[in-house]
Amino acid sequence: MLGLPAAFQKLSQVDLEGYPRRTEAGIGALAVACGLSPEPELARFRSCRDFLGVAQRAPAAADLLAQVTESVTLVAPLIVELVATYSGDGLKGFGFLTQGRPSGPLPANLAGLLSGTLQMHLTGGGRTDEAELLADVFRLAFPNLGGLAGHSPLSQGMIVGVVPAADALTLKVYFNTRLDPSGNHRERVASILARCGLADDGLYDLLYAGNDGARFHGVGIDLDGDGCRRAKIYVRLNRAALLPALEKLATHLQPDMAAAARGILNPVLELIEATKSEAQVDEVELAAALCSDAPATAKVTLFFAGDRTADADLTTLDTYLQGLGYPAHGLDAAVKALAENAHRAVAQRYPLHGVGIEVPVASRPKINVYLQPVL
């Protein structure tokens, strides 16, 4: 954690006023790359930002660090991460992720983010039963919400993903269930999946309990109104532990070794080799995605350090995407927009934050590229 003098110095250098402009420029670029008119998508983003960015006023902070945190978050823009999704024959869509505006105690932040998400979902024409599902899963994820008051307001407890889809919104909501130590964690995760009409088929133990050093990172659910229930179990691993864990997951999902290699292992290894960089961090993410009407899939995400990534890493990623038959010009335009005033950035100095792969889904893997406006 930064000391207070260093923290003040950093904050004074951040281009907070330009952050919303960079974010909107990046969204506009991705909309155009997806064949969409940018203005309606920007209007929709601003509406979502109004719902999800409500500051939670807290009682007067007792210590200086808490006062600094509160004063900064109340004036800071809503921090988001953009996601570009490639599948089929090209860039199929985009979305954004946020954990809201963490300005009050963590329980208030989480409750406020849930409230804003529900309002956004229902106002946008979302189904009532899906709103009920979200509220139920929130209660299952945090059975002792008030007990989280001792955590930092900045703790990542819930992330909301918004994906524009025609005239509606697809929501992807992620819960850090390990924040709340109440009860048996394995049973809590199983209860969340059961509420979605799913079962983990041993994946909790395979991904988490059965992997030394694995850190449980969350449970995600999709709200998309198409009748299919989707959920994901995420863990974080050191890079050296990824391949053994992935091999176990691949043979669990596809017991035939040849099929597991072709459909899961080989595409992931190709991504790792093709995007190799000193800018990548040692921590990687491994997940299993469950669906009520389709086989489970594996997801792997590699991350880039915000202060070490450069144009060369984007060029390498472009080459990889083009090798899959995916055009990369839309991604380049978004990165350029998000990198405005990068010379003033002190935290996220380059927009490329991560690249993820989901397999097996089709003849070509599904690729997610995660972008953050410079900050």
# chains A, B, ... in the order shown; residues from 1 in each chain; ligands from 1

$ residues_around --residues "segment 202-210 of chain A" --least-positions-apart "3" --cutoff "12 Å" --atoms "only C-alpha atoms" --output "VMD selection string"
chain A and resid 178 185 to 190 193 198 to 199 213 to 219 231 to 237 241 to 242 244 to 253 285 to 290 296 to 299

$ select_by_dssp --residues "segment 67-210 of chain A" --states "helix (DSSP H, G or I)" --output "short mmCIF file (atom, residue, chain, number, x, y, z; two decimals) with all heavy atoms, in the first residue's frame"
data_model
loop_
_atom_site.label_atom_id
_atom_site.label_comp_id
_atom_site.auth_asym_id
_atom_site.auth_seq_id
_atom_site.Cartn_x
_atom_site.Cartn_y
_atom_site.Cartn_z
N GLN A 67 -10.56 8.92 5.24
CA GLN A 67 -11.03 10.21 4.73
C GLN A 67 -10.49 10.47 3.32
O GLN A 67 -11.22 10.96 2.45
CB GLN A 67 -10.58 11.33 5.68
CG GLN A 67 -11.28 11.30 7.03
CD GLN A 67 -10.68 12.32 7.98
OE1 GLN A 67 -10.03 13.27 7.56
NE2 GLN A 67 -10.90 12.13 9.28
N VAL A 68 -9.22 10.13 3.10
CA VAL A 68 -8.63 10.32 1.78
C VAL A 68 -9.33 9.44 0.76
O VAL A 68 -9.70 9.88 -0.33
CB VAL A 68 -7.11 10.00 1.81
CG1 VAL A 68 -6.54 9.97 0.39
CG2 VAL A 68 -6.37 11.02 2.65
N THR A 69 -9.56 8.16 1.11
CA THR A 69 -10.25 7.23 0.21
C THR A 69 -11.62 7.76 -0.17
O THR A 69 -12.01 7.77 -1.34
CB THR A 69 -10.39 5.84 0.87
OG1 THR A 69 -9.09 5.32 1.16
CG2 THR A 69 -11.12 4.87 -0.05
N GLU A 70 -12.37 8.23 0.83
CA GLU A 70 -13.72 8.72 0.57
C GLU A 70 -13.69 9.97 -0.31
O GLU A 70 -14.45 10.07 -1.28
CB GLU A 70 -14.42 9.05 1.89
CG GLU A 70 -15.83 9.59 1.69
CD GLU A 70 -16.48 9.98 3.00
OE1 GLU A 70 -15.94 9.63 4.06
OE2 GLU A 70 -17.52 10.65 2.96
N SER A 71 -12.80 10.91 -0.01
CA SER A 71 -12.78 12.16 -0.78
C SER A 71 -12.37 11.92 -2.22
O SER A 71 -12.90 12.55 -3.14
CB SER A 71 -11.82 13.16 -0.12
OG SER A 71 -10.49 12.68 -0.14
N VAL A 72 -11.45 10.98 -2.44
CA VAL A 72 -11.00 10.71 -3.80
C VAL A 72 -12.07 10.00 -4.59
O VAL A 72 -12.37 10.35 -5.74
CB VAL A 72 -9.70 9.87 -3.76
CG1 VAL A 72 -9.37 9.34 -5.16
CG2 VAL A 72 -8.55 10.69 -3.23
N THR A 73 -12.71 8.97 -4.02
CA THR A 73 -13.69 8.19 -4.77
C THR A 73 -14.94 9.00 -5.09
O THR A 73 -15.60 8.74 -6.09
CB THR A 73 -14.08 6.91 -4.01
OG1 THR A 73 -14.51 7.26 -2.68
CG2 THR A 73 -12.93 5.94 -3.92
N LEU A 74 -15.26 9.98 -4.27
CA LEU A 74 -16.45 10.78 -4.54
C LEU A 74 -16.27 11.68 -5.75
O LEU A 74 -17.25 12.03 -6.42
CB LEU A 74 -16.80 11.62 -3.30
CG LEU A 74 -17.45 10.85 -2.13
CD1 LEU A 74 -17.60 11.77 -0.93
CD2 LEU A 74 -18.80 10.29 -2.54
N VAL A 75 -15.05 12.06 -6.05
CA VAL A 75 -14.82 12.95 -7.20
C VAL A 75 -14.26 12.21 -8.41
O VAL A 75 -14.25 12.74 -9.51
CB VAL A 75 -13.88 14.12 -6.82
CG1 VAL A 75 -14.47 14.95 -5.71
CG2 VAL A 75 -12.49 13.61 -6.43
N LEU A 106 -17.70 -1.20 2.73
CA LEU A 106 -17.90 -2.23 1.71
C LEU A 106 -19.34 -2.76 1.66
O LEU A 106 -19.88 -2.92 0.56
CB LEU A 106 -16.91 -3.38 1.93
CG LEU A 106 -16.96 -4.49 0.87
CD1 LEU A 106 -16.66 -3.93 -0.52
CD2 LEU A 106 -15.99 -5.61 1.23
N PRO A 107 -20.01 -3.04 2.79
CA PRO A 107 -21.39 -3.51 2.68
C PRO A 107 -22.30 -2.52 1.94
O PRO A 107 -23.14 -2.93 1.13
CB PRO A 107 -21.83 -3.68 4.13
CG PRO A 107 -20.56 -3.95 4.88
CD PRO A 107 -19.54 -3.09 4.19
N ALA A 108 -22.12 -1.22 2.20
CA ALA A 108 -22.93 -0.22 1.51
C ALA A 108 -22.58 -0.16 0.02
O ALA A 108 -23.46 -0.01 -0.84
CB ALA A 108 -22.73 1.15 2.15
N ASN A 109 -21.28 -0.29 -0.29
CA ASN A 109 -20.88 -0.29 -1.70
C ASN A 109 -21.53 -1.44 -2.46
O ASN A 109 -22.05 -1.26 -3.56
CB ASN A 109 -19.35 -0.42 -1.81
CG ASN A 109 -18.61 0.81 -1.30
OD1 ASN A 109 -19.17 1.90 -1.25
ND2 ASN A 109 -17.37 0.62 -0.91
N LEU A 110 -21.49 -2.64 -1.87
CA LEU A 110 -22.03 -3.81 -2.54
C LEU A 110 -23.55 -3.71 -2.67
O LEU A 110 -24.11 -4.01 -3.73
CB LEU A 110 -21.65 -5.08 -1.77
CG LEU A 110 -20.16 -5.43 -1.77
CD1 LEU A 110 -19.88 -6.60 -0.84
CD2 LEU A 110 -19.68 -5.74 -3.17
N ALA A 111 -24.22 -3.27 -1.60
CA ALA A 111 -25.67 -3.13 -1.66
C ALA A 111 -26.07 -2.07 -2.68
O ALA A 111 -27.04 -2.23 -3.43
CB ALA A 111 -26.22 -2.77 -0.28
N GLY A 112 -25.31 -0.97 -2.75
CA GLY A 112 -25.60 0.07 -3.71
C GLY A 112 -25.38 -0.38 -5.14
O GLY A 112 -26.18 -0.06 -6.04
N LEU A 113 -24.33 -1.17 -5.36
CA LEU A 113 -24.07 -1.68 -6.70
C LEU A 113 -25.15 -2.66 -7.12
O LEU A 113 -25.60 -2.66 -8.27
CB LEU A 113 -22.69 -2.34 -6.75
CG LEU A 113 -22.23 -2.87 -8.11
CD1 LEU A 113 -22.22 -1.76 -9.16
CD2 LEU A 113 -20.84 -3.50 -7.99
N LEU A 114 -25.60 -3.51 -6.19
CA LEU A 114 -26.70 -4.42 -6.50
C LEU A 114 -27.96 -3.65 -6.85
O LEU A 114 -28.64 -3.95 -7.85
CB LEU A 114 -26.99 -5.34 -5.31
CG LEU A 114 -28.22 -6.23 -5.45
CD1 LEU A 114 -28.04 -7.25 -6.56
CD2 LEU A 114 -28.56 -6.92 -4.13
N SER A 115 -28.28 -2.63 -6.07
CA SER A 115 -29.48 -1.84 -6.32
C SER A 115 -29.41 -1.18 -7.69
O SER A 115 -30.38 -1.20 -8.47
CB SER A 115 -29.64 -0.78 -5.23
OG SER A 115 -30.73 0.07 -5.50
N GLY A 116 -28.26 -0.57 -8.02
CA GLY A 116 -28.11 0.08 -9.31
C GLY A 116 -28.21 -0.90 -10.47
O GLY A 116 -28.80 -0.60 -11.51
N THR A 117 -27.65 -2.10 -10.27
CA THR A 117 -27.70 -3.12 -11.32
C THR A 117 -29.13 -3.58 -11.56
O THR A 117 -29.57 -3.74 -12.71
CB THR A 117 -26.81 -4.31 -10.94
OG1 THR A 117 -25.48 -3.85 -10.69
CG2 THR A 117 -26.78 -5.35 -12.05
N LEU A 118 -29.87 -3.79 -10.47
CA LEU A 118 -31.26 -4.22 -10.62
C LEU A 118 -32.10 -3.14 -11.31
O LEU A 118 -32.92 -3.45 -12.19
CB LEU A 118 -31.85 -4.54 -9.25
CG LEU A 118 -31.30 -5.81 -8.57
CD1 LEU A 118 -31.79 -5.91 -7.13
CD2 LEU A 118 -31.71 -7.06 -9.34
N GLN A 119 -31.90 -1.89 -10.92
CA GLN A 119 -32.64 -0.80 -11.57
C GLN A 119 -32.30 -0.71 -13.05
O GLN A 119 -33.18 -0.54 -13.90
CB GLN A 119 -32.32 0.52 -10.87
CG GLN A 119 -32.87 0.62 -9.46
CD GLN A 119 -32.51 1.96 -8.83
OE1 GLN A 119 -32.82 3.01 -9.36
NE2 GLN A 119 -31.82 1.91 -7.69
N MET A 120 -31.01 -0.82 -13.37
CA MET A 120 -30.58 -0.77 -14.76
C MET A 120 -31.19 -1.92 -15.56
O MET A 120 -31.68 -1.73 -16.68
CB MET A 120 -29.06 -0.84 -14.82
CG MET A 120 -28.48 -0.82 -16.23
SD MET A 120 -26.66 -0.89 -16.20
CE MET A 120 -26.40 -2.54 -15.52
N HIS A 121 -31.19 -3.10 -14.97
CA HIS A 121 -31.72 -4.29 -15.64
C HIS A 121 -33.21 -4.14 -15.92
O HIS A 121 -33.67 -4.35 -17.05
CB HIS A 121 -31.47 -5.52 -14.76
CG HIS A 121 -32.12 -6.77 -15.24
ND1 HIS A 121 -31.69 -7.47 -16.35
CD2 HIS A 121 -33.18 -7.47 -14.76
CE1 HIS A 121 -32.45 -8.53 -16.53
NE2 HIS A 121 -33.36 -8.55 -15.58
N LEU A 122 -33.98 -3.73 -14.92
CA LEU A 122 -35.43 -3.64 -15.08
C LEU A 122 -35.83 -2.45 -15.96
O LEU A 122 -36.75 -2.55 -16.77
CB LEU A 122 -36.09 -3.55 -13.71
CG LEU A 122 -35.94 -4.82 -12.84
CD1 LEU A 122 -36.46 -4.56 -11.43
CD2 LEU A 122 -36.68 -6.00 -13.48
N THR A 123 -35.14 -1.33 -15.78
CA THR A 123 -35.43 -0.15 -16.61
C THR A 123 -35.16 -0.44 -18.08
O THR A 123 -35.85 0.06 -18.96
CB THR A 123 -34.60 1.05 -16.15
OG1 THR A 123 -34.91 1.33 -14.78
CG2 THR A 123 -34.91 2.28 -16.98
N THR A 128 -38.17 -9.92 -14.93
CA THR A 128 -38.28 -9.91 -13.47
C THR A 128 -37.65 -11.15 -12.85
O THR A 128 -37.00 -11.07 -11.80
CB THR A 128 -39.75 -9.81 -13.04
OG1 THR A 128 -40.32 -8.63 -13.62
CG2 THR A 128 -39.88 -9.72 -11.53
N ASP A 129 -37.84 -12.31 -13.48
CA ASP A 129 -37.28 -13.53 -12.89
C ASP A 129 -35.75 -13.50 -12.87
O ASP A 129 -35.13 -14.06 -11.96
CB ASP A 129 -37.79 -14.77 -13.64
CG ASP A 129 -37.35 -14.80 -15.09
OD1 ASP A 129 -37.20 -13.74 -15.70
OD2 ASP A 129 -37.16 -15.92 -15.62
N GLU A 130 -35.15 -12.80 -13.83
CA GLU A 130 -33.70 -12.70 -13.81
C GLU A 130 -33.23 -11.71 -12.74
O GLU A 130 -32.17 -11.90 -12.14
CB GLU A 130 -33.19 -12.28 -15.18
CG GLU A 130 -33.56 -13.27 -16.28
CD GLU A 130 -32.41 -13.52 -17.22
OE1 GLU A 130 -31.82 -12.54 -17.69
OE2 GLU A 130 -32.14 -14.70 -17.50
N ALA A 131 -34.01 -10.67 -12.47
CA ALA A 131 -33.70 -9.77 -11.37
C ALA A 131 -33.79 -10.53 -10.05
O ALA A 131 -32.94 -10.34 -9.15
CB ALA A 131 -34.67 -8.59 -11.38
N GLU A 132 -34.78 -11.38 -9.92
CA GLU A 132 -34.91 -12.20 -8.71
C GLU A 132 -33.73 -13.15 -8.56
O GLU A 132 -33.22 -13.37 -7.45
CB GLU A 132 -36.23 -12.98 -8.75
CG GLU A 132 -37.46 -12.08 -8.65
CD GLU A 132 -38.75 -12.86 -8.91
OE1 GLU A 132 -38.67 -14.02 -9.37
OE2 GLU A 132 -39.84 -12.29 -8.65
N LEU A 133 -33.28 -13.71 -9.67
CA LEU A 133 -32.11 -14.59 -9.64
C LEU A 133 -30.89 -13.83 -9.13
O LEU A 133 -30.16 -14.32 -8.26
CB LEU A 133 -31.84 -15.16 -11.03
CG LEU A 133 -30.53 -15.92 -11.21
CD1 LEU A 133 -30.52 -17.19 -10.38
CD2 LEU A 133 -30.27 -16.23 -12.68
N LEU A 134 -30.67 -12.63 -9.65
CA LEU A 134 -29.51 -11.84 -9.23
C LEU A 134 -29.58 -11.54 -7.74
O LEU A 134 -28.57 -11.66 -7.02
CB LEU A 134 -29.44 -10.55 -10.04
CG LEU A 134 -28.33 -9.57 -9.65
CD1 LEU A 134 -26.96 -10.23 -9.74
CD2 LEU A 134 -28.39 -8.32 -10.53
N ALA A 135 -30.75 -11.13 -7.25
CA ALA A 135 -30.89 -10.81 -5.83
C ALA A 135 -30.64 -12.06 -4.97
O ALA A 135 -29.98 -11.99 -3.93
CB ALA A 135 -32.28 -10.25 -5.56
N ASP A 136 -31.15 -13.20 -5.42
CA ASP A 136 -30.95 -14.44 -4.65
C ASP A 136 -29.48 -14.84 -4.61
O ASP A 136 -28.95 -15.25 -3.57
CB ASP A 136 -31.78 -15.58 -5.26
CG ASP A 136 -33.26 -15.44 -5.01
OD1 ASP A 136 -33.64 -14.62 -4.14
OD2 ASP A 136 -34.05 -16.14 -5.68
N VAL A 137 -28.80 -14.73 -5.75
CA VAL A 137 -27.38 -15.10 -5.79
C VAL A 137 -26.55 -14.15 -4.93
O VAL A 137 -25.61 -14.57 -4.25
CB VAL A 137 -26.87 -15.12 -7.25
CG1 VAL A 137 -25.35 -15.27 -7.28
CG2 VAL A 137 -27.53 -16.25 -8.02
N PHE A 138 -26.90 -12.88 -4.92
CA PHE A 138 -26.20 -11.92 -4.06
C PHE A 138 -26.32 -12.35 -2.60
O PHE A 138 -25.32 -12.34 -1.86
CB PHE A 138 -26.80 -10.52 -4.25
CG PHE A 138 -26.12 -9.44 -3.45
CD1 PHE A 138 -25.06 -8.72 -3.98
CD2 PHE A 138 -26.54 -9.13 -2.16
CE1 PHE A 138 -24.44 -7.72 -3.25
CE2 PHE A 138 -25.93 -8.14 -1.42
CZ PHE A 138 -24.87 -7.43 -1.96
N ARG A 139 -27.53 -12.73 -2.18
CA ARG A 139 -27.71 -13.17 -0.78
C ARG A 139 -26.92 -14.44 -0.49
O ARG A 139 -26.37 -14.60 0.61
CB ARG A 139 -29.19 -13.39 -0.50
CG ARG A 139 -29.99 -12.11 -0.34
CD ARG A 139 -31.38 -12.39 0.22
NE ARG A 139 -32.22 -13.07 -0.77
CZ ARG A 139 -33.02 -12.44 -1.60
NH1 ARG A 139 -33.09 -11.12 -1.58
NH2 ARG A 139 -33.76 -13.12 -2.45
N LEU A 140 -26.84 -15.34 -1.46
CA LEU A 140 -26.07 -16.56 -1.26
C LEU A 140 -24.57 -16.27 -1.21
O LEU A 140 -23.83 -16.89 -0.45
CB LEU A 140 -26.36 -17.55 -2.39
CG LEU A 140 -27.77 -18.16 -2.40
CD1 LEU A 140 -28.01 -18.91 -3.71
CD2 LEU A 140 -27.95 -19.11 -1.21
N ALA A 141 -24.12 -15.33 -2.03
CA ALA A 141 -22.69 -14.99 -2.09
C ALA A 141 -22.22 -14.31 -0.81
O ALA A 141 -21.09 -14.54 -0.36
CB ALA A 141 -22.41 -14.11 -3.30
N LEU A 145 -23.53 -10.00 5.05
CA LEU A 145 -23.06 -8.78 4.39
C LEU A 145 -22.50 -7.77 5.39
O LEU A 145 -21.45 -7.18 5.15
CB LEU A 145 -24.21 -8.16 3.58
CG LEU A 145 -23.86 -6.91 2.77
CD1 LEU A 145 -22.81 -7.23 1.71
CD2 LEU A 145 -25.12 -6.34 2.12
N GLY A 146 -23.20 -7.58 6.50
CA GLY A 146 -22.73 -6.60 7.48
C GLY A 146 -21.37 -6.95 8.06
O GLY A 146 -20.62 -6.06 8.48
N GLY A 147 -21.03 -8.24 8.04
CA GLY A 147 -19.75 -8.66 8.57
C GLY A 147 -18.56 -8.27 7.70
O GLY A 147 -17.41 -8.44 8.11
N LEU A 148 -18.83 -7.72 6.51
CA LEU A 148 -17.76 -7.31 5.62
C LEU A 148 -17.29 -5.89 5.88
O LEU A 148 -16.45 -5.36 5.16
CB LEU A 148 -18.21 -7.42 4.16
CG LEU A 148 -18.70 -8.79 3.69
CD1 LEU A 148 -19.06 -8.76 2.21
CD2 LEU A 148 -17.66 -9.87 3.96
N ALA A 149 -17.84 -5.25 6.92
CA ALA A 149 -17.51 -3.85 7.20
C ALA A 149 -16.03 -3.64 7.50
O ALA A 149 -15.50 -2.54 7.31
CB ALA A 149 -18.36 -3.33 8.35
N GLY A 150 -15.35 -4.67 7.95
CA GLY A 150 -13.93 -4.54 8.27
C GLY A 150 -13.03 -4.53 7.06
O GLY A 150 -11.84 -4.20 7.16
N THR A 177 -16.82 -14.60 -3.59
CA THR A 177 -17.46 -15.27 -2.45
C THR A 177 -16.51 -15.52 -1.30
O THR A 177 -16.95 -15.76 -0.18
CB THR A 177 -18.06 -16.60 -2.91
OG1 THR A 177 -17.06 -17.34 -3.63
CG2 THR A 177 -19.24 -16.38 -3.83
N ARG A 178 -15.20 -15.45 -1.53
CA ARG A 178 -14.26 -15.71 -0.44
C ARG A 178 -14.19 -14.55 0.56
O ARG A 178 -13.64 -14.70 1.65
CB ARG A 178 -12.86 -15.96 -1.00
CG ARG A 178 -12.71 -17.27 -1.76
CD ARG A 178 -13.02 -18.50 -0.94
NE ARG A 178 -12.11 -18.70 0.15
CZ ARG A 178 -12.20 -19.71 1.02
NH1 ARG A 178 -13.18 -20.57 0.92
NH2 ARG A 178 -11.32 -19.84 1.99
N LEU A 179 -14.72 -13.38 0.21
CA LEU A 179 -14.70 -12.26 1.15
C LEU A 179 -15.49 -12.57 2.41
O LEU A 179 -15.15 -12.12 3.50
CB LEU A 179 -15.28 -11.01 0.49
CG LEU A 179 -14.38 -10.18 -0.43
CD1 LEU A 179 -15.14 -8.99 -0.95
CD2 LEU A 179 -13.11 -9.75 0.29
N HIS A 185 -17.68 -22.84 2.30
CA HIS A 185 -17.57 -22.16 1.01
C HIS A 185 -17.97 -23.07 -0.15
O HIS A 185 -18.65 -22.62 -1.08
CB HIS A 185 -16.15 -21.64 0.80
CG HIS A 185 -15.99 -20.81 -0.43
ND1 HIS A 185 -15.31 -21.23 -1.55
CD2 HIS A 185 -16.46 -19.56 -0.73
CE1 HIS A 185 -15.34 -20.30 -2.47
NE2 HIS A 185 -16.03 -19.28 -2.01
N ARG A 186 -17.55 -24.32 -0.12
CA ARG A 186 -17.90 -25.24 -1.20
C ARG A 186 -19.42 -25.34 -1.33
O ARG A 186 -19.97 -25.31 -2.44
CB ARG A 186 -17.30 -26.61 -0.95
CG ARG A 186 -17.68 -27.64 -2.02
CD ARG A 186 -17.28 -29.05 -1.66
NE ARG A 186 -15.85 -29.27 -1.85
CZ ARG A 186 -14.95 -29.30 -0.88
NH1 ARG A 186 -15.33 -29.08 0.37
NH2 ARG A 186 -13.68 -29.54 -1.15
N GLU A 187 -20.09 -25.45 -0.20
CA GLU A 187 -21.55 -25.56 -0.22
C GLU A 187 -22.20 -24.27 -0.71
O GLU A 187 -23.23 -24.30 -1.39
CB GLU A 187 -22.06 -25.91 1.18
CG GLU A 187 -21.65 -27.30 1.64
CD GLU A 187 -22.08 -27.59 3.07
OE1 GLU A 187 -22.68 -26.68 3.71
OE2 GLU A 187 -21.79 -28.70 3.58
N ARG A 188 -21.59 -23.15 -0.39
CA ARG A 188 -22.15 -21.87 -0.84
C ARG A 188 -22.05 -21.75 -2.36
O ARG A 188 -22.99 -21.31 -3.02
CB ARG A 188 -21.40 -20.72 -0.15
CG ARG A 188 -21.95 -19.34 -0.47
CD ARG A 188 -21.91 -18.42 0.73
NE ARG A 188 -20.73 -18.59 1.53
CZ ARG A 188 -19.67 -17.76 1.51
NH1 ARG A 188 -19.66 -16.72 0.71
NH2 ARG A 188 -18.65 -17.96 2.31
N VAL A 189 -20.92 -22.12 -2.91
CA VAL A 189 -20.76 -22.10 -4.37
C VAL A 189 -21.75 -23.06 -5.02
O VAL A 189 -22.39 -22.73 -6.03
CB VAL A 189 -19.32 -22.45 -4.76
CG1 VAL A 189 -19.20 -22.61 -6.28
CG2 VAL A 189 -18.35 -21.37 -4.27
N ALA A 190 -21.92 -24.25 -4.42
CA ALA A 190 -22.87 -25.22 -4.97
C ALA A 190 -24.29 -24.67 -4.92
O ALA A 190 -25.09 -24.90 -5.85
CB ALA A 190 -22.78 -26.53 -4.19
N SER A 191 -24.61 -23.91 -3.87
CA SER A 191 -25.95 -23.32 -3.75
C SER A 191 -26.19 -22.27 -4.83
O SER A 191 -27.29 -22.17 -5.38
CB SER A 191 -26.13 -22.69 -2.37
OG SER A 191 -26.06 -23.67 -1.35
N ILE A 192 -25.15 -21.48 -5.14
CA ILE A 192 -25.27 -20.48 -6.20
C ILE A 192 -25.52 -21.17 -7.54
O ILE A 192 -26.41 -20.78 -8.30
CB ILE A 192 -24.01 -19.61 -6.26
CG1 ILE A 192 -23.93 -18.71 -5.02
CG2 ILE A 192 -23.99 -18.76 -7.54
CD1 ILE A 192 -22.64 -17.93 -4.90
N LEU A 193 -24.76 -22.21 -7.82
CA LEU A 193 -24.95 -22.93 -9.08
C LEU A 193 -26.33 -23.58 -9.13
O LEU A 193 -27.00 -23.55 -10.17
CB LEU A 193 -23.85 -23.99 -9.25
CG LEU A 193 -22.42 -23.45 -9.38
CD1 LEU A 193 -21.44 -24.60 -9.49
CD2 LEU A 193 -22.29 -22.52 -10.57
N ALA A 194 -26.75 -24.15 -8.01
CA ALA A 194 -28.07 -24.80 -7.98
C ALA A 194 -29.18 -23.78 -8.24
O ALA A 194 -30.17 -24.10 -8.91
CB ALA A 194 -28.28 -25.49 -6.64
N ARG A 195 -29.03 -22.57 -7.71
CA ARG A 195 -30.04 -21.54 -7.96
C ARG A 195 -30.12 -21.19 -9.43
O ARG A 195 -31.17 -20.76 -9.94
CB ARG A 195 -29.72 -20.29 -7.12
CG ARG A 195 -30.67 -19.12 -7.33
CD ARG A 195 -32.10 -19.47 -6.95
NE ARG A 195 -33.01 -18.36 -7.18
CZ ARG A 195 -33.59 -18.08 -8.35
NH1 ARG A 195 -33.34 -18.85 -9.40
NH2 ARG A 195 -34.43 -17.06 -8.46
N LEU A 203 -16.15 -29.61 -10.35
CA LEU A 203 -15.22 -28.59 -10.83
C LEU A 203 -14.65 -27.73 -9.71
O LEU A 203 -13.53 -27.24 -9.81
CB LEU A 203 -15.91 -27.71 -11.87
CG LEU A 203 -16.17 -28.40 -13.21
CD1 LEU A 203 -17.09 -27.56 -14.09
CD2 LEU A 203 -14.85 -28.66 -13.92
N TYR A 204 -15.40 -27.53 -8.62
CA TYR A 204 -14.88 -26.75 -7.50
C TYR A 204 -13.61 -27.42 -6.96
O TYR A 204 -12.58 -26.77 -6.76
CB TYR A 204 -15.94 -26.64 -6.40
CG TYR A 204 -15.50 -25.87 -5.18
CD1 TYR A 204 -15.79 -24.52 -5.05
CD2 TYR A 204 -14.82 -26.49 -4.13
CE1 TYR A 204 -15.39 -23.81 -3.92
CE2 TYR A 204 -14.43 -25.80 -3.01
CZ TYR A 204 -14.72 -24.45 -2.90
OH TYR A 204 -14.32 -23.75 -1.78
N ASP A 205 -13.71 -28.71 -6.72
CA ASP A 205 -12.54 -29.42 -6.19
C ASP A 205 -11.43 -29.50 -7.23
O ASP A 205 -10.24 -29.39 -6.91
CB ASP A 205 -12.94 -30.83 -5.76
CG ASP A 205 -13.79 -30.82 -4.50
OD1 ASP A 205 -13.57 -29.94 -3.65
OD2 ASP A 205 -14.68 -31.68 -4.38
N LEU A 206 -11.80 -29.69 -8.49
CA LEU A 206 -10.80 -29.81 -9.54
C LEU A 206 -10.00 -28.52 -9.70
O LEU A 206 -8.77 -28.54 -9.81
CB LEU A 206 -11.48 -30.18 -10.86
CG LEU A 206 -10.56 -30.47 -12.04
CD1 LEU A 206 -9.90 -31.83 -11.86
CD2 LEU A 206 -11.34 -30.45 -13.35
N LEU A 207 -10.70 -27.39 -9.73
CA LEU A 207 -10.04 -26.11 -9.97
C LEU A 207 -9.37 -25.54 -8.72
O LEU A 207 -8.29 -24.95 -8.81
CB LEU A 207 -11.06 -25.09 -10.48
CG LEU A 207 -11.58 -25.26 -11.90
CD1 LEU A 207 -12.74 -24.30 -12.14
CD2 LEU A 207 -10.48 -25.02 -12.91
N TYR A 208 -10.02 -25.69 -7.60
CA TYR A 208 -9.60 -24.97 -6.39
C TYR A 208 -8.98 -25.89 -5.35
O TYR A 208 -7.76 -25.84 -5.11
CB TYR A 208 -10.79 -24.22 -5.82
CG TYR A 208 -10.51 -23.43 -4.57
CD1 TYR A 208 -9.38 -22.62 -4.47
CD2 TYR A 208 -11.38 -23.48 -3.49
CE1 TYR A 208 -9.12 -21.89 -3.31
CE2 TYR A 208 -11.14 -22.74 -2.33
CZ TYR A 208 -10.01 -21.96 -2.25
OH TYR A 208 -9.75 -21.24 -1.11
N ALA A 209 -9.79 -26.75 -4.76
CA ALA A 209 -9.29 -27.59 -3.67
C ALA A 209 -8.20 -28.55 -4.15
O ALA A 209 -7.30 -28.91 -3.39
CB ALA A 209 -10.45 -28.38 -3.04
#
